[in-house]
Structures are given as C-alpha cells and as structure tokens.
Amino acid sequence: MPKRLVLFLSLASLAAPAFAVDPAIKKQLEKLDPSTRLEQSCDTEAMSRINKDSTGFKPDKVIAYTFKDPILGDNSLDAPGAVFRSKGDWYHLSYNCITGPQHINVRELNYEIGEKVPREKWNKYYLYD
C-alpha cells in the first residue's frame, strides 16, 4: 500500500485544478499496472470533481482503500471505503468510477461525501497531516 500512496502523491502533485489528462499525467499513469492505473485515475478525478463542485471542500488527497478494499471491474472501480483530505481534515468518501479501456480517461464518476474522520482514528487507518 505505501507504494500506491507514493504514486498517488506524485500524480496528485501533477493534477491541475480542473482535471484533464495532460501529457505529463498520462505518461505517469501509463507506467502503472492496469489496476493501479484505474485506481489512480479515479482517485485523481474524484479529487478534482470535489474541488470543482460547490461543496466547500478543497481536497489535496484521495485514498480509495482506507476503510474497505475497492471493488475492481474491467473498466470500473467502486470505492465504498475511500477518504479524502481537505484543509487538514479527513472525510469519508464513497465513489463509483468508470474509465475507458486504458484506465486513463474517466468517463463517469459518482461520489458521496460522508462524515469527518475523528482525529483519534487517524493512526489506526494510517491517515496523516
């Protein structure tokens, strides 16, 4: 899991406020195995959409597997146990994501934001500042 987190952090730093698969992100995603690429594309898109929507959140990280393992399909990912960090706090997140066959372009994403994760639970789930 730490490898996936490091890859996500690298990709997140390349993401523009309005997610578009620019050449730098695409090149990084293409280096990943297909299932990791699917997860990273969906995490990045979820972060971008939450940021653009009128939720007031400004996510800088999304992790698909914090509370439950994601469910992978051929070109889809269901992440019922995801989280995202916004303004220093972590929040529960669930999302469903559909990509193209290369797992780079997100075609559909639906998400639901849950409650704030209490700080006293951060260590248990490897969440951090």
# chains A, B, ... in the order shown; residues from 1 in each chain; ligands from 1
$ select_by_dssp --residues "stretch 14-111 of chain A" --states "strand (DSSP E)" --output "NGL selection string"
:A and (59-63 or 71-72 or 76-86 or 89-99 or 106-111)
$ write_last_selection --atoms "N, CA and C atoms" --output "mmCIF file, in the first residue's frame"
data_model
loop_
_atom_site.group_PDB
_atom_site.id
_atom_site.type_symbol
_atom_site.label_atom_id
_atom_site.label_comp_id
_atom_site.auth_asym_id
_atom_site.auth_seq_id
_atom_site.Cartn_x
_atom_site.Cartn_y
_atom_site.Cartn_z
ATOM 1 N N PRO A 59 -10.008 19.260 -1.602
ATOM 2 C CA PRO A 59 -9.201 18.061 -1.361
ATOM 3 C C PRO A 59 -7.814 18.142 -1.993
ATOM 4 N N ASP A 60 -6.850 17.621 -1.258
ATOM 5 C CA ASP A 60 -5.499 17.511 -1.799
ATOM 6 C C ASP A 60 -5.044 16.056 -1.852
ATOM 7 N N LYS A 61 -5.857 15.133 -1.305
ATOM 8 C CA LYS A 61 -5.551 13.708 -1.350
ATOM 9 C C LYS A 61 -6.858 12.921 -1.346
ATOM 10 N N VAL A 62 -6.873 11.829 -2.100
ATOM 11 C CA VAL A 62 -7.962 10.844 -2.058
ATOM 12 C C VAL A 62 -7.301 9.482 -1.977
ATOM 13 N N ILE A 63 -7.818 8.636 -1.103
ATOM 14 C CA ILE A 63 -7.320 7.264 -0.967
ATOM 15 C C ILE A 63 -8.530 6.338 -1.065
ATOM 16 N N ILE A 71 -13.552 -2.324 -5.139
ATOM 17 C CA ILE A 71 -14.000 -3.434 -5.983
ATOM 18 C C ILE A 71 -13.701 -3.054 -7.430
ATOM 19 N N LEU A 72 -12.812 -3.838 -8.041
ATOM 20 C CA LEU A 72 -12.389 -3.562 -9.413
ATOM 21 C C LEU A 72 -13.236 -4.324 -10.411
ATOM 22 N N SER A 76 -13.979 -0.345 -14.276
ATOM 23 C CA SER A 76 -14.692 0.370 -13.222
ATOM 24 C C SER A 76 -14.052 0.121 -11.860
ATOM 25 N N LEU A 77 -14.343 1.026 -10.961
ATOM 26 C CA LEU A 77 -13.865 0.917 -9.589
ATOM 27 C C LEU A 77 -14.966 1.428 -8.669
ATOM 28 N N ASP A 78 -15.358 0.596 -7.715
ATOM 29 C CA ASP A 78 -16.264 1.014 -6.648
ATOM 30 C C ASP A 78 -15.415 1.139 -5.401
ATOM 31 N N ALA A 79 -15.426 2.309 -4.799
ATOM 32 C CA ALA A 79 -14.620 2.565 -3.609
ATOM 33 C C ALA A 79 -15.535 2.996 -2.466
ATOM 34 N N PRO A 80 -16.162 2.028 -1.789
ATOM 35 C CA PRO A 80 -17.087 2.377 -0.713
ATOM 36 C C PRO A 80 -16.392 2.816 0.574
ATOM 37 N N GLY A 81 -15.093 2.589 0.687
ATOM 38 C CA GLY A 81 -14.366 2.924 1.907
ATOM 39 C C GLY A 81 -13.243 3.905 1.682
ATOM 40 N N ALA A 82 -13.456 4.839 0.777
ATOM 41 C CA ALA A 82 -12.433 5.837 0.469
ATOM 42 C C ALA A 82 -12.452 6.976 1.482
ATOM 43 N N VAL A 83 -11.417 7.797 1.421
ATOM 44 C CA VAL A 83 -11.340 9.031 2.209
ATOM 45 C C VAL A 83 -10.714 10.113 1.348
ATOM 46 N N PHE A 84 -10.929 11.352 1.769
ATOM 47 C CA PHE A 84 -10.185 12.454 1.168
ATOM 48 C C PHE A 84 -9.810 13.436 2.259
ATOM 49 N N ARG A 85 -8.736 14.186 2.002
ATOM 50 C CA ARG A 85 -8.279 15.195 2.948
ATOM 51 C C ARG A 85 -8.566 16.564 2.362
ATOM 52 N N SER A 86 -9.143 17.431 3.189
ATOM 53 C CA SER A 86 -9.436 18.801 2.805
ATOM 54 C C SER A 86 -9.131 19.714 3.984
ATOM 55 N N ASP A 89 -8.256 18.092 7.346
ATOM 56 C CA ASP A 89 -9.140 17.092 7.936
ATOM 57 C C ASP A 89 -9.447 16.008 6.915
ATOM 58 N N TRP A 90 -9.711 14.801 7.410
ATOM 59 C CA TRP A 90 -10.065 13.667 6.555
ATOM 60 C C TRP A 90 -11.561 13.421 6.632
ATOM 61 N N TYR A 91 -12.152 13.036 5.495
ATOM 62 C CA TYR A 91 -13.587 12.787 5.395
ATOM 63 C C TYR A 91 -13.836 11.455 4.689
ATOM 64 N N HIS A 92 -14.862 10.750 5.156
ATOM 65 C CA HIS A 92 -15.279 9.524 4.482
ATOM 66 C C HIS A 92 -15.756 9.883 3.075
ATOM 67 N N LEU A 93 -15.547 8.958 2.159
ATOM 68 C CA LEU A 93 -15.940 9.149 0.774
ATOM 69 C C LEU A 93 -16.278 7.793 0.177
ATOM 70 N N SER A 94 -17.300 7.746 -0.621
ATOM 71 C CA SER A 94 -17.542 6.555 -1.434
ATOM 72 C C SER A 94 -17.734 7.046 -2.860
ATOM 73 N N TYR A 95 -17.209 6.282 -3.795
ATOM 74 C CA TYR A 95 -17.396 6.664 -5.184
ATOM 75 C C TYR A 95 -17.448 5.456 -6.095
ATOM 76 N N ASN A 96 -18.042 5.683 -7.252
ATOM 77 C CA ASN A 96 -18.097 4.712 -8.341
ATOM 78 C C ASN A 96 -17.529 5.418 -9.554
ATOM 79 N N CYS A 97 -16.614 4.747 -10.236
ATOM 80 C CA CYS A 97 -15.889 5.365 -11.333
ATOM 81 C C CYS A 97 -15.831 4.404 -12.517
ATOM 82 N N ILE A 98 -16.035 4.941 -13.703
ATOM 83 C CA ILE A 98 -15.913 4.161 -14.937
ATOM 84 C C ILE A 98 -14.914 4.873 -15.835
ATOM 85 N N THR A 99 -13.960 4.096 -16.341
ATOM 86 C CA THR A 99 -12.937 4.654 -17.233
ATOM 87 C C THR A 99 -13.041 4.003 -18.602
ATOM 88 N N VAL A 106 -11.448 9.115 -17.371
ATOM 89 C CA VAL A 106 -12.635 8.800 -16.582
ATOM 90 C C VAL A 106 -13.863 9.227 -17.377
ATOM 91 N N ARG A 107 -14.759 8.293 -17.575
ATOM 92 C CA ARG A 107 -15.979 8.563 -18.340
ATOM 93 C C ARG A 107 -17.152 8.934 -17.447
ATOM 94 N N GLU A 108 -17.155 8.383 -16.237
ATOM 95 C CA GLU A 108 -18.254 8.659 -15.310
ATOM 96 C C GLU A 108 -17.749 8.515 -13.891
ATOM 97 N N LEU A 109 -18.182 9.416 -13.019
ATOM 98 C CA LEU A 109 -17.816 9.330 -11.613
ATOM 99 C C LEU A 109 -18.975 9.855 -10.781
ATOM 100 N N ASN A 110 -19.399 9.063 -9.824
ATOM 101 C CA ASN A 110 -20.417 9.472 -8.857
ATOM 102 C C ASN A 110 -19.809 9.312 -7.477
ATOM 103 N N TYR A 111 -20.034 10.278 -6.625
ATOM 104 C CA TYR A 111 -19.445 10.197 -5.298
ATOM 105 C C TYR A 111 -20.409 10.706 -4.236
#
$ select_by_dssp --residues "chain A" --states "helix (DSSP H, G or I)" --output "PyMOL selection string"
chain A and resi 2-14+23-30+34-52+119-121+123-125
$ atom_distance --atom1 "atom CA of A:Thr66" --atom2 "atom CA of A:Gln28"
23.1 Å
$ atom_distance --atom1 "atom CA of A:Asp22" --atom2 "atom CA of A:Ile113"
26.8 Å
